[in-house]
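Trainee: Below is the file my_file.csv, with CSV, C-alpha atoms and all ligand atoms.
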```
chain,number,residue,atom,x,y,z
A,1,MET,CA,9.0,6.0,20.2
A,2,ALA,CA,12.0,7.9,21.7
A,3,ASN,CA,15.3,6.0,21.5
A,4,LYS,CA,13.9,3.3,19.3
A,5,THR,CA,15.7,2.5,16.1
A,6,GLY,CA,15.0,0.5,12.9
A,7,SER,CA,17.1,-0.7,10.0
A,8,ALA,CA,16.7,-0.1,6.3
A,9,ILE,CA,18.6,-1.2,3.2
A,10,PHE,CA,20.3,1.7,1.5
A,11,PHE,CA,21.2,2.0,-2.2
A,12,THR,CA,24.3,4.2,-2.3
A,13,GLY,CA,25.2,4.1,-6.0
A,14,VAL,CA,25.4,1.9,-9.1
A,15,GLY,CA,27.8,-1.0,-8.6
A,16,LYS,CA,28.2,-0.4,-4.9
A,17,PRO,CA,27.0,-3.0,-2.4
A,18,LEU,CA,23.7,-2.3,-0.7
A,19,GLU,CA,24.1,-1.2,3.0
A,20,GLU,CA,22.0,-2.0,6.0
A,21,ARG,CA,21.8,1.1,8.2
A,22,GLU,CA,20.2,1.8,11.5
A,23,TYR,CA,18.4,5.0,12.2
A,24,PRO,CA,16.2,6.4,15.0
A,25,LEU,CA,12.4,6.2,14.6
A,26,PRO,CA,10.8,9.6,14.7
A,27,ASP,CA,10.0,11.0,18.1
A,28,LYS,CA,6.9,12.8,16.9
A,29,LEU,CA,4.9,12.4,13.7
A,30,GLU,CA,3.5,15.2,11.6
A,31,PRO,CA,-0.3,15.5,11.7
A,32,GLY,CA,-1.6,13.0,9.2
A,33,ALA,CA,1.6,11.0,9.0
A,34,ILE,CA,1.7,7.3,9.9
A,35,LEU,CA,4.6,5.1,11.0
A,36,VAL,CA,4.3,1.6,9.5
A,37,LYS,CA,6.1,-1.6,10.4
A,38,THR,CA,6.8,-3.5,7.2
A,39,SER,CA,5.3,-7.0,6.9
A,40,ILE,CA,6.6,-7.7,3.4
A,41,ALA,CA,7.8,-5.6,0.4
A,42,THR,CA,8.0,-6.7,-3.2
A,43,VAL,CA,10.6,-5.7,-5.7
A,44,CYS,CA,9.4,-3.9,-8.8
A,45,GLY,CA,11.2,-3.7,-12.2
A,46,SER,CA,11.8,0.0,-11.7
A,47,ASP,CA,13.7,-0.7,-8.4
A,48,MET,CA,15.9,-3.0,-10.5
A,49,HIS,CA,16.3,-0.3,-13.1
A,50,SER,CA,17.5,2.2,-10.4
A,51,TRP,CA,19.8,-0.4,-9.0
A,52,GLN,CA,21.3,-1.1,-12.4
A,53,GLY,CA,21.8,2.6,-13.1
A,54,ARG,CA,19.4,2.7,-16.0
A,55,ARG,CA,18.0,6.0,-14.8
A,56,PRO,CA,19.4,8.9,-12.7
A,57,PHE,CA,18.6,8.3,-9.1
A,58,PRO,CA,19.2,10.3,-5.8
A,59,THR,CA,21.4,8.5,-3.2
A,60,PRO,CA,21.7,7.4,-0.5
A,61,SER,CA,18.2,6.1,-0.7
A,62,VAL,CA,15.9,3.3,0.5
A,63,LEU,CA,14.4,1.7,-2.5
A,64,GLY,CA,11.1,-0.1,-2.7
A,65,HIS,CA,7.6,1.3,-3.4
A,66,GLU,CA,5.5,-1.8,-2.9
A,67,GLY,CA,4.7,-3.2,0.5
A,68,VAL,CA,2.3,-4.1,3.2
A,69,GLY,CA,2.6,-3.1,6.9
A,70,THR,CA,1.0,-2.6,10.2
A,71,VAL,CA,0.2,0.9,11.6
A,72,MET,CA,2.5,1.6,14.6
A,73,GLN,CA,1.8,5.2,15.3
A,74,ILE,CA,-0.5,7.9,13.8
A,75,GLY,CA,0.4,11.6,13.7
A,76,ASP,CA,-2.9,12.9,15.1
A,77,VAL,CA,-6.0,11.9,17.0
A,78,LEU,CA,-8.2,10.6,14.3
A,79,ARG,CA,-7.2,9.4,10.8
A,80,THR,CA,-9.4,7.5,8.4
A,81,ASP,CA,-8.2,5.6,5.4
A,82,ASN,CA,-9.2,6.6,1.9
A,83,SER,CA,-12.4,4.5,2.0
A,84,GLY,CA,-13.5,6.3,5.2
A,85,GLN,CA,-12.6,3.6,7.8
A,86,VAL,CA,-11.1,4.8,11.0
A,87,LEU,CA,-7.4,3.8,11.3
A,88,THR,CA,-6.0,2.6,14.5
A,89,GLU,CA,-2.7,1.2,15.6
A,90,GLY,CA,-2.3,-2.5,14.6
A,91,ASP,CA,-4.3,-2.1,11.3
A,92,ARG,CA,-2.9,-3.8,8.3
A,93,ILE,CA,-2.6,-1.4,5.4
A,94,THR,CA,-1.3,-0.6,1.9
A,95,TRP,CA,-0.7,2.9,0.6
A,96,THR,CA,-0.2,4.9,-2.5
A,97,ILE,CA,3.2,5.1,-4.2
A,98,MET,CA,3.2,8.9,-3.5
A,99,ALA,CA,2.1,11.7,-1.3
A,100,ALA,CA,0.5,14.8,-2.8
A,101,CYS,CA,-0.1,18.2,-1.2
A,102,GLY,CA,-3.8,18.4,-2.0
A,103,GLU,CA,-3.5,22.1,-2.5
A,104,CYS,CA,-1.7,22.8,-5.8
A,105,VAL,CA,-3.3,23.2,-9.2
A,106,PHE,CA,-2.7,19.6,-10.2
A,107,CYS,CA,-4.2,18.3,-7.0
A,108,LYS,CA,-7.2,20.6,-6.9
A,109,GLN,CA,-8.1,21.6,-10.4
A,110,TYR,CA,-6.6,19.2,-12.9
A,111,GLY,CA,-7.4,15.9,-11.1
A,112,LEU,CA,-3.8,14.7,-11.4
A,113,PRO,CA,-2.4,14.4,-7.9
A,114,GLN,CA,0.3,12.2,-9.2
A,115,LYS,CA,1.7,15.3,-10.9
A,116,CYS,CA,1.5,17.4,-7.7
A,117,LEU,CA,3.9,20.3,-7.7
A,118,HIS,CA,5.1,19.0,-4.3
A,119,LEU,CA,5.0,15.3,-5.2
A,120,PHE,CA,6.8,12.8,-3.0
A,121,LYS,CA,7.3,9.2,-4.2
A,122,TYR,CA,8.3,6.4,-1.9
A,123,GLY,CA,11.6,4.6,-2.8
A,124,HIS,CA,12.7,7.5,-4.9
A,125,SER,CA,14.4,10.0,-2.5
A,126,VAL,CA,17.4,10.7,-0.4
A,127,SER,CA,16.9,8.9,2.9
A,128,ASP,CA,19.8,9.6,5.2
A,129,VAL,CA,18.0,12.5,6.8
A,130,PRO,CA,14.9,12.3,9.1
A,131,PRO,CA,12.5,10.7,8.8
A,132,TYR,CA,14.8,8.2,7.0
A,133,PHE,CA,12.3,5.4,6.4
A,134,LEU,CA,11.1,6.5,2.9
A,135,GLY,CA,11.1,3.3,1.0
A,136,THR,CA,9.6,-0.2,1.6
A,137,PHE,CA,13.0,-2.0,1.9
A,138,GLY,CA,13.2,-1.2,5.6
A,139,GLN,CA,11.8,-2.4,8.9
A,140,TYR,CA,9.6,0.7,9.0
A,141,VAL,CA,8.1,3.1,6.5
A,142,TYR,CA,7.2,6.7,7.3
A,143,LEU,CA,4.0,7.6,5.5
A,144,LYS,CA,3.9,11.4,4.9
A,145,PRO,CA,0.7,13.4,5.2
A,146,GLY,CA,-1.1,13.3,1.8
A,147,THR,CA,-0.4,9.6,1.2
A,148,GLY,CA,-3.5,7.5,0.3
A,149,VAL,CA,-4.0,4.6,2.7
A,150,PHE,CA,-6.3,1.6,2.6
A,151,LYS,CA,-7.0,-0.9,5.3
A,152,LEU,CA,-6.6,-4.5,4.1
A,153,PRO,CA,-9.3,-7.2,4.6
A,154,ASP,CA,-8.0,-10.0,6.9
A,155,ASP,CA,-8.4,-12.6,4.2
A,156,LEU,CA,-6.3,-10.9,1.6
A,157,PRO,CA,-2.7,-12.3,1.9
A,158,ASP,CA,0.3,-9.9,2.2
A,159,GLU,CA,1.7,-11.5,-1.0
A,160,THR,CA,-1.4,-10.6,-3.0
A,161,ALA,CA,-1.7,-7.1,-1.5
A,162,SER,CA,1.9,-5.9,-1.8
A,163,PRO,CA,2.1,-5.4,-5.6
A,164,LEU,CA,-1.2,-3.5,-5.7
A,165,MET,CA,0.7,-0.2,-4.9
A,166,CYS,CA,2.4,-0.1,-8.3
A,167,ALA,CA,1.2,-2.2,-11.3
A,168,ALA,CA,-2.3,-3.0,-10.2
A,169,ALA,CA,-3.3,0.5,-9.2
A,170,THR,CA,-1.7,1.9,-12.4
A,171,VAL,CA,-3.8,-0.4,-14.5
A,172,ALA,CA,-7.0,0.2,-12.5
A,173,GLY,CA,-6.4,4.0,-13.1
A,174,GLY,CA,-5.9,3.4,-16.8
A,175,LEU,CA,-9.1,1.4,-17.2
A,176,GLU,CA,-11.1,4.0,-15.3
A,177,LYS,CA,-9.8,6.8,-17.6
A,178,ILE,CA,-10.3,4.9,-20.8
A,179,GLY,CA,-13.8,3.8,-19.7
A,180,LEU,CA,-13.9,0.1,-20.1
A,181,ASP,CA,-17.5,-0.9,-20.9
A,182,PRO,CA,-18.9,-4.4,-20.4
A,183,GLY,CA,-19.0,-6.2,-23.7
A,184,ASP,CA,-15.8,-4.5,-25.0
A,185,SER,CA,-13.3,-6.4,-27.0
A,186,VAL,CA,-9.9,-5.6,-25.4
A,187,VAL,CA,-6.4,-6.1,-26.9
A,188,ILE,CA,-3.5,-6.0,-24.4
A,189,GLN,CA,0.0,-5.5,-25.8
A,190,GLY,CA,2.4,-7.0,-23.2
A,191,ALA,CA,1.9,-9.9,-20.8
A,192,GLY,CA,4.1,-8.5,-18.0
A,193,MET,CA,2.8,-7.5,-14.6
A,194,LEU,CA,0.7,-4.6,-15.9
A,195,GLY,CA,-0.7,-6.8,-18.7
A,196,LEU,CA,-1.7,-9.6,-16.4
A,197,TYR,CA,-3.6,-7.2,-14.1
A,198,ALA,CA,-5.1,-5.5,-17.1
A,199,ALA,CA,-6.4,-8.8,-18.4
A,200,ALA,CA,-7.8,-9.9,-15.1
A,201,PHE,CA,-9.5,-6.6,-14.4
A,202,ALA,CA,-10.9,-6.3,-18.0
A,203,SER,CA,-12.3,-9.8,-17.7
A,204,ALA,CA,-13.7,-9.0,-14.2
A,205,LEU,CA,-15.3,-5.8,-15.5
A,206,GLY,CA,-17.2,-7.7,-18.1
A,207,ALA,CA,-15.1,-7.5,-21.3
A,208,ARG,CA,-16.5,-9.7,-24.1
A,209,GLN,CA,-13.1,-11.0,-24.9
A,210,VAL,CA,-9.5,-10.2,-23.9
A,211,ILE,CA,-6.8,-10.8,-26.6
A,212,MET,CA,-3.2,-10.8,-25.4
A,213,VAL,CA,-0.2,-10.0,-27.6
A,214,ASP,CA,3.4,-10.7,-26.5
A,215,ILE,CA,6.5,-12.2,-28.0
A,216,LEU,CA,7.1,-15.0,-25.3
A,217,ASP,CA,5.1,-18.2,-25.4
A,218,LYS,CA,5.6,-18.8,-21.7
A,219,ARG,CA,4.1,-15.4,-20.8
A,220,LEU,CA,1.2,-15.8,-23.2
A,221,GLU,CA,0.4,-19.2,-21.7
A,222,GLU,CA,0.6,-17.7,-18.2
A,223,ALA,CA,-1.8,-14.9,-19.3
A,224,LYS,CA,-4.5,-17.5,-20.0
A,225,ARG,CA,-4.8,-17.9,-16.2
A,226,PHE,CA,-5.6,-14.2,-15.8
A,227,GLY,CA,-8.7,-13.9,-18.0
A,228,VAL,CA,-7.1,-13.9,-21.4
A,229,ASP,CA,-9.4,-15.6,-24.0
A,230,HIS,CA,-7.0,-15.5,-27.0
A,231,ILE,CA,-3.2,-15.2,-27.4
A,232,LEU,CA,-1.2,-13.8,-30.3
A,233,ASN,CA,2.6,-14.2,-30.6
A,234,ALA,CA,4.0,-11.1,-32.2
A,235,LYS,CA,7.3,-12.8,-32.8
A,236,GLU,CA,5.7,-15.4,-35.1
A,237,MET,CA,3.3,-13.0,-36.8
A,238,GLU,CA,3.9,-9.8,-38.9
A,239,PRO,CA,2.1,-6.7,-37.7
A,240,GLY,CA,-0.3,-7.0,-40.6
A,241,LYS,CA,-1.2,-10.6,-39.6
A,242,LEU,CA,-1.8,-9.5,-36.0
A,243,ILE,CA,-4.1,-6.7,-37.1
A,244,GLU,CA,-6.0,-9.2,-39.3
A,245,ALA,CA,-6.2,-11.7,-36.4
A,246,VAL,CA,-7.8,-9.0,-34.2
A,247,LYS,CA,-10.3,-8.0,-36.9
A,248,ASN,CA,-11.2,-11.7,-37.4
A,249,ARG,CA,-12.1,-12.0,-33.8
A,250,THR,CA,-14.2,-8.8,-33.7
A,251,ASP,CA,-16.5,-9.3,-36.7
A,252,GLY,CA,-14.1,-7.4,-39.0
A,253,MET,CA,-14.6,-4.2,-36.9
A,254,GLY,CA,-11.4,-4.0,-34.7
A,255,ALA,CA,-11.1,-3.8,-31.0
A,256,ASP,CA,-13.0,-1.4,-28.8
A,257,VAL,CA,-10.0,-0.9,-26.5
A,258,VAL,CA,-6.2,-1.5,-27.0
A,259,ILE,CA,-3.9,-1.2,-24.0
A,260,GLU,CA,-0.1,-0.8,-24.5
A,261,VAL,CA,1.9,-2.1,-21.5
A,262,THR,CA,4.9,-3.5,-23.3
A,263,GLY,CA,7.3,-0.7,-22.6
A,264,PHE,CA,8.2,-0.9,-26.3
A,265,ALA,CA,6.9,2.2,-28.1
A,266,PRO,CA,7.0,0.9,-31.8
A,267,VAL,CA,4.1,-1.5,-31.1
A,268,VAL,CA,1.7,1.5,-31.0
A,269,GLU,CA,1.7,1.7,-34.8
A,270,ALA,CA,0.0,-1.7,-35.1
A,271,GLY,CA,-2.1,-1.1,-32.0
A,272,VAL,CA,-3.8,1.9,-33.6
A,273,LYS,CA,-4.7,-0.2,-36.6
A,274,MET,CA,-6.2,-2.9,-34.4
A,275,LEU,CA,-8.8,-0.4,-33.1
A,276,ARG,CA,-12.3,-0.1,-34.5
A,277,ILE,CA,-13.8,3.3,-35.6
A,278,GLY,CA,-14.4,5.2,-32.4
A,279,GLY,CA,-12.0,2.9,-30.5
A,280,ARG,CA,-9.9,3.9,-27.4
A,281,TYR,CA,-6.2,3.5,-26.9
A,282,LEU,CA,-4.6,3.4,-23.4
A,283,LEU,CA,-0.9,4.0,-23.3
A,284,GLN,CA,0.9,3.1,-20.1
A,285,GLY,CA,4.0,1.1,-20.8
A,286,ALA,CA,6.4,2.9,-23.1
A,287,VAL,CA,7.2,5.5,-20.5
A,288,TYR,CA,11.0,5.8,-21.2
A,289,PRO,CA,12.3,9.2,-22.3
A,290,ASN,CA,13.0,9.6,-26.1
A,291,ASP,CA,10.9,6.5,-27.1
A,292,SER,CA,8.7,7.3,-30.0
A,293,PHE,CA,6.3,5.6,-32.4
A,294,ILE,CA,4.8,6.3,-35.8
A,295,LEU,CA,1.3,7.5,-35.8
A,296,GLN,CA,-0.7,8.1,-39.0
A,297,SER,CA,-2.9,11.2,-38.3
A,298,HIS,CA,-5.3,10.0,-41.0
A,299,ASP,CA,-6.1,6.9,-38.8
A,300,VAL,CA,-6.6,8.9,-35.6
A,301,ILE,CA,-8.8,11.5,-37.3
A,302,THR,CA,-10.9,9.5,-39.7
A,303,LYS,CA,-11.4,6.6,-37.2
A,304,CYS,CA,-12.3,9.2,-34.5
A,305,LEU,CA,-9.9,7.5,-32.1
A,306,THR,CA,-9.2,8.4,-28.5
A,307,LEU,CA,-5.6,8.1,-27.3
A,308,ARG,CA,-5.1,8.4,-23.6
A,309,GLY,CA,-1.7,8.3,-21.7
A,310,LEU,CA,-1.6,7.8,-18.0
A,311,HIS,CA,1.4,7.8,-15.6
A,312,ASN,CA,0.9,6.6,-12.0
A,313,TYR,CA,-2.5,7.0,-10.4
A,314,GLU,CA,-4.8,8.7,-8.0
A,315,PRO,CA,-5.5,7.3,-4.5
A,316,LYS,CA,-9.0,6.0,-5.5
A,317,HIS,CA,-7.3,3.8,-8.1
A,318,LEU,CA,-5.5,1.9,-5.4
A,319,GLY,CA,-8.9,1.4,-3.8
A,320,MET,CA,-10.3,0.1,-7.1
A,321,ALA,CA,-7.4,-2.3,-7.6
A,322,LEU,CA,-7.7,-3.6,-4.0
A,323,ASP,CA,-11.4,-4.2,-4.6
A,324,LEU,CA,-11.0,-5.9,-7.9
A,325,VAL,CA,-8.2,-8.2,-6.6
A,326,TYR,CA,-10.0,-8.9,-3.4
A,327,ARG,CA,-13.2,-9.9,-5.1
A,328,ASN,CA,-11.4,-12.0,-7.8
A,329,GLN,CA,-8.6,-13.6,-5.8
A,330,GLN,CA,-10.2,-17.1,-6.1
A,331,LYS,CA,-10.7,-16.6,-9.9
A,332,PHE,CA,-7.2,-15.4,-10.8
A,333,PRO,CA,-3.9,-16.6,-9.2
A,334,PHE,CA,-2.7,-13.1,-8.2
A,335,ILE,CA,-0.9,-14.5,-5.2
A,336,GLU,CA,1.5,-16.4,-7.5
A,337,LEU,CA,2.8,-13.2,-9.0
A,338,ALA,CA,4.8,-12.6,-5.8
A,339,GLY,CA,8.0,-14.6,-5.1
A,340,PRO,CA,10.6,-16.0,-4.6
A,341,ARG,CA,11.3,-14.9,-1.0
A,342,PHE,CA,14.4,-13.2,0.4
A,343,PRO,CA,15.3,-11.8,3.8
A,344,LEU,CA,15.3,-8.0,4.2
A,345,THR,CA,19.0,-7.7,4.6
A,346,ALA,CA,21.6,-6.0,2.3
A,347,ASP,CA,22.5,-9.4,0.9
A,348,GLY,CA,18.8,-10.5,0.6
A,349,VAL,CA,17.7,-7.4,-1.3
A,350,GLY,CA,20.7,-7.8,-3.6
A,351,LYS,CA,19.7,-11.4,-4.3
A,352,ALA,CA,16.1,-10.3,-4.9
A,353,MET,CA,17.3,-7.8,-7.5
A,354,GLY,CA,19.4,-10.5,-9.1
A,355,SER,CA,16.5,-12.9,-9.3
A,356,LEU,CA,14.4,-10.3,-11.0
A,357,GLU,CA,17.2,-9.6,-13.4
A,358,GLN,CA,17.4,-13.3,-14.2
A,359,ARG,CA,13.6,-13.4,-14.6
A,360,GLU,CA,13.3,-16.1,-11.8
A,361,GLY,CA,10.4,-14.2,-10.5
A,362,ILE,CA,8.1,-11.3,-11.5
A,363,ARG,CA,7.9,-9.8,-8.0
A,364,PRO,CA,10.5,-11.1,-5.6
A,365,ILE,CA,9.5,-10.7,-1.9
A,366,VAL,CA,11.7,-9.3,0.8
A,367,GLU,CA,10.6,-9.7,4.4
A,368,PRO,CA,12.1,-8.6,7.7
A,369,CYS,CA,13.8,-11.5,9.4
B,401,ZN,ZN,6.9,-0.1,-9.5
B,402,ZN,ZN,-0.3,19.2,-5.0
```
For the structure just supplied, provide its representation as structure tokens.
Mentor:
Amino acid sequence: MANKTGSAIFFTGVGKPLEEREYPLPDKLEPGAILVKTSIATVCGSDMHSWQGRRPFPTPSVLGHEGVGTVMQIGDVLRTDNSGQVLTEGDRITWTIMAACGECVFCKQYGLPQKCLHLFKYGHSVSDVPPYFLGTFGQYVYLKPGTGVFKLPDDLPDETASPLMCAAATVAGGLEKIGLDPGDSVVIQGAGMLGLYAAAFASALGARQVIMVDILDKRLEEAKRFGVDHILNAKEMEPGKLIEAVKNRTDGMGADVVIEVTGFAPVVEAGVKMLRIGGRYLLQGAVYPNDSFILQSHDVITKCLTLRGLHNYEPKHLGMALDLVYRNQQKFPFIELAGPRFPLTADGVGKAMGSLEQREGIRPIVEPC
């Protein structure tokens, strides 16, 4: 790879124009590392939040943590993906949003590699030092050792696969942790990207019914295409009416599982009251610091509730998401979640961010020209 270079789109600070920069590709890869040539990347809401300055962010950095690419070079003789398939140059892959050390207490003992003491996250770090290509908004991505990797089936389109790395894998992890059982009645609060995957996955895993709560009619209608059986508009109904509506659809008992993926913490108060005795609550959306909700301890204790928070995911959850999306891609229009398309240039990535800001698309695509 000596003397070869590649370009990536750099974010250098809020309000500053994005910059296309050229850097050398690595001469030699660390054992277990992989150099990937980007096929497409998709823009996540959190990329936009970094770009808008809504959270502190290291610069200069290559943003982007969703993508699909082709293996160009592997850092040792033999490397398998996380499902045990041998990886070779030319394979089409997706990978986890992070690399973990595999050795620390969170990796080894607590089953939370996403909280690794030496955690690295793609699209989240200073990238003007080798190996440079640390986000998906570049012609190449350098996958560090400790990154979960999955080979993609030929008949899974790039557009369907790219968003798996973030929203879909996060939701798959949540459903595994909360233990979704066939026959469960599931309420989902929030029909965004996480909510649509949650609905489709819950339906595919055999939920008796999926009830979606949101405040936008357009999103609620869209959700019906992703396995939702019943919609409730929280703008038109008081919390008490929403709780009553859920009870009416669950023989007066309440839901087995409620999933919060709105990003709006106050909804948890009503969500807890939608649960049946012994119900389980999965909290994944309202992740912003200093957000809070009211919780009546009486409800939690006397109804014997389980509340479970989950941030990011383990490599196996990307495998679960891949499997669920692959097996159900004819049933649910996952492919339509990605778009519109923009070139992988400074101008193109800026326009993609703008289109997400204007809600023209839920996952704009950027692709090398
Ligand atoms: Zn994301
Ligand atoms: Zn670790």
Trainee: Using 8 Å as the limit and counting only C-alpha atoms, can you tabulate each residue of range 30-108 of chain A that touches range 303-320 of chain A, with its shortest atom-to-atom distance in Å and the two atoms involved, as JSON lines?
Mentor:
```
{"residue": "A:Asn82", "atom": "CA", "partner": "A:Pro315", "partner_atom": "CA", "distance": 7.4}
{"residue": "A:Ser83", "atom": "CA", "partner": "A:Gly319", "partner_atom": "CA", "distance": 7.4}
{"residue": "A:Trp95", "atom": "CA", "partner": "A:Leu318", "partner_atom": "CA", "distance": 7.7}
{"residue": "A:Thr96", "atom": "CA", "partner": "A:Pro315", "partner_atom": "CA", "distance": 6.2}
```
Trainee: Considering all atoms listed in the file, can you say which of A:Asp184, A:Glu66, A:Asp155, A:Glu30 comes closest to ligand ZN 401 (chain B)?
Mentor: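 Among A:Asp184, A:Glu66, A:Asp155, A:Glu30, it is A:Glu66 that comes nearest to ligand ZN 401 (chain B).
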Trainee: Per residue of chain A within 9 Å of ligand ZN 401 (chain B), which atom pair is closest and at what distance in Å (one decimal), using all atoms listed in the file, listed by chain and increasing number, as JSON lines?
Mentor:
```
{"residue": "A:Val43", "atom": "CA", "partner": "B:ZN401", "partner_atom": "ZN", "distance": 7.7}
{"residue": "A:Cys44", "atom": "CA", "partner": "B:ZN401", "partner_atom": "ZN", "distance": 4.6}
{"residue": "A:Gly45", "atom": "CA", "partner": "B:ZN401", "partner_atom": "ZN", "distance": 6.2}
{"residue": "A:Ser46", "atom": "CA", "partner": "B:ZN401", "partner_atom": "ZN", "distance": 5.4}
{"residue": "A:Asp47", "atom": "CA", "partner": "B:ZN401", "partner_atom": "ZN", "distance": 6.9}
{"residue": "A:Gly64", "atom": "CA", "partner": "B:ZN401", "partner_atom": "ZN", "distance": 8.0}
{"residue": "A:His65", "atom": "CA", "partner": "B:ZN401", "partner_atom": "ZN", "distance": 6.3}
{"residue": "A:Glu66", "atom": "CA", "partner": "B:ZN401", "partner_atom": "ZN", "distance": 7.0}
{"residue": "A:Ile97", "atom": "CA", "partner": "B:ZN401", "partner_atom": "ZN", "distance": 8.3}
{"residue": "A:Pro163", "atom": "CA", "partner": "B:ZN401", "partner_atom": "ZN", "distance": 8.1}
{"residue": "A:Met165", "atom": "CA", "partner": "B:ZN401", "partner_atom": "ZN", "distance": 7.7}
{"residue": "A:Cys166", "atom": "CA", "partner": "B:ZN401", "partner_atom": "ZN", "distance": 4.7}
{"residue": "A:Ala167", "atom": "CA", "partner": "B:ZN401", "partner_atom": "ZN", "distance": 6.3}
```
Trainee: Between chain A and ligand ZN 402 (chain B), at 7 Å or less, what are the per-residue closest atom pairs and their distances in Å? Count only C-alpha atoms and all ligand atoms, order by chain and rising residue number, and return it as a tab-separated table.
Mentor:
```
residue	atom	partner	partner_atom	distance
A:Ala100	CA	B:ZN402	ZN	5.0
A:Cys101	CA	B:ZN402	ZN	3.9
A:Gly102	CA	B:ZN402	ZN	4.7
A:Glu103	CA	B:ZN402	ZN	5.0
A:Cys104	CA	B:ZN402	ZN	3.9
A:Val105	CA	B:ZN402	ZN	6.5
A:Phe106	CA	B:ZN402	ZN	5.7
A:Cys107	CA	B:ZN402	ZN	4.5
A:Pro113	CA	B:ZN402	ZN	6.0
A:Cys116	CA	B:ZN402	ZN	3.7
A:Leu117	CA	B:ZN402	ZN	5.1
A:His118	CA	B:ZN402	ZN	5.4
A:Leu119	CA	B:ZN402	ZN	6.6
```
Trainee: Quick one: of A:Val246, A:Glu336, A:Val349, A:Gly190, who's nearest to Leu63 in chain A, counting only C-alpha atoms?
Mentor: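 Comparing A:Val246, A:Glu336, A:Val349, A:Gly190 against Leu63 in chain A, the winner is A:Val349.
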Trainee: Taking only C-alpha atoms into account, which of A:Phe137, A:Gly75, A:Gly206, A:Thr38 comes nearest Gly350 in chain A?
Mentor: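 Looking only at the distances to Gly350 in chain A, the closest residue turns out to be A:Phe137.
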Trainee: When you count all atoms listed in the file, which of these residues is closest to Thr136 in chain A: A:Lys121, A:Gly13, A:Ala200, A:Glu238?
Mentor: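 Selected residue with least distance to Thr136 in chain A: A:Lys121.
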Trainee: What's around Gly32 in chain A at 8 Å? Count all atoms listed in the file, leave out sequence neighbours fewer than 4 positions away in its own chain, and write the answer as a ChimeraX atom specification.
Mentor: /A:74-76,79,144-146
Trainee: Please produce, as CSV, a per-residue contact table for range 256-295 of chain A versus range 191-195 of chain A (criterion: any atom at most 12 Å away, all atoms listed in the file considered), showing the nearest atom pair and its distance in Å to one decimal, sorted by chain then residue number.
Mentor:
```
residue,atom,partner,partner_atom,distance
A:Val258,CA,A:Gly195,CA,11.3
A:Ile259,CA,A:Gly195,CA,8.3
A:Glu260,CA,A:Gly195,CA,8.4
A:Val261,CA,A:Gly195,CA,6.1
A:Thr262,CA,A:Gly192,CA,7.3
A:Gly263,CA,A:Gly192,CA,9.6
A:Phe264,CA,A:Gly192,CA,12.0
A:Leu282,CA,A:Gly195,CA,11.9
A:Leu283,CA,A:Leu194,CA,11.5
A:Gln284,CA,A:Leu194,CA,8.8
A:Gly285,CA,A:Leu194,CA,8.2
A:Ala286,CA,A:Leu194,CA,11.9
```
Trainee: I'd like the neighbourhood of Lys224 in chain A as a VMD selection string, where a residue qualifies if any of its atoms comes within 12 Å (using all atoms listed in the file), though same-chain residues fewer than 5 positions away should be ignored.
Mentor: chain A and resid 191 195 to 197 199 to 200 203 209 to 213 217 to 219 229 to 232 331 to 333
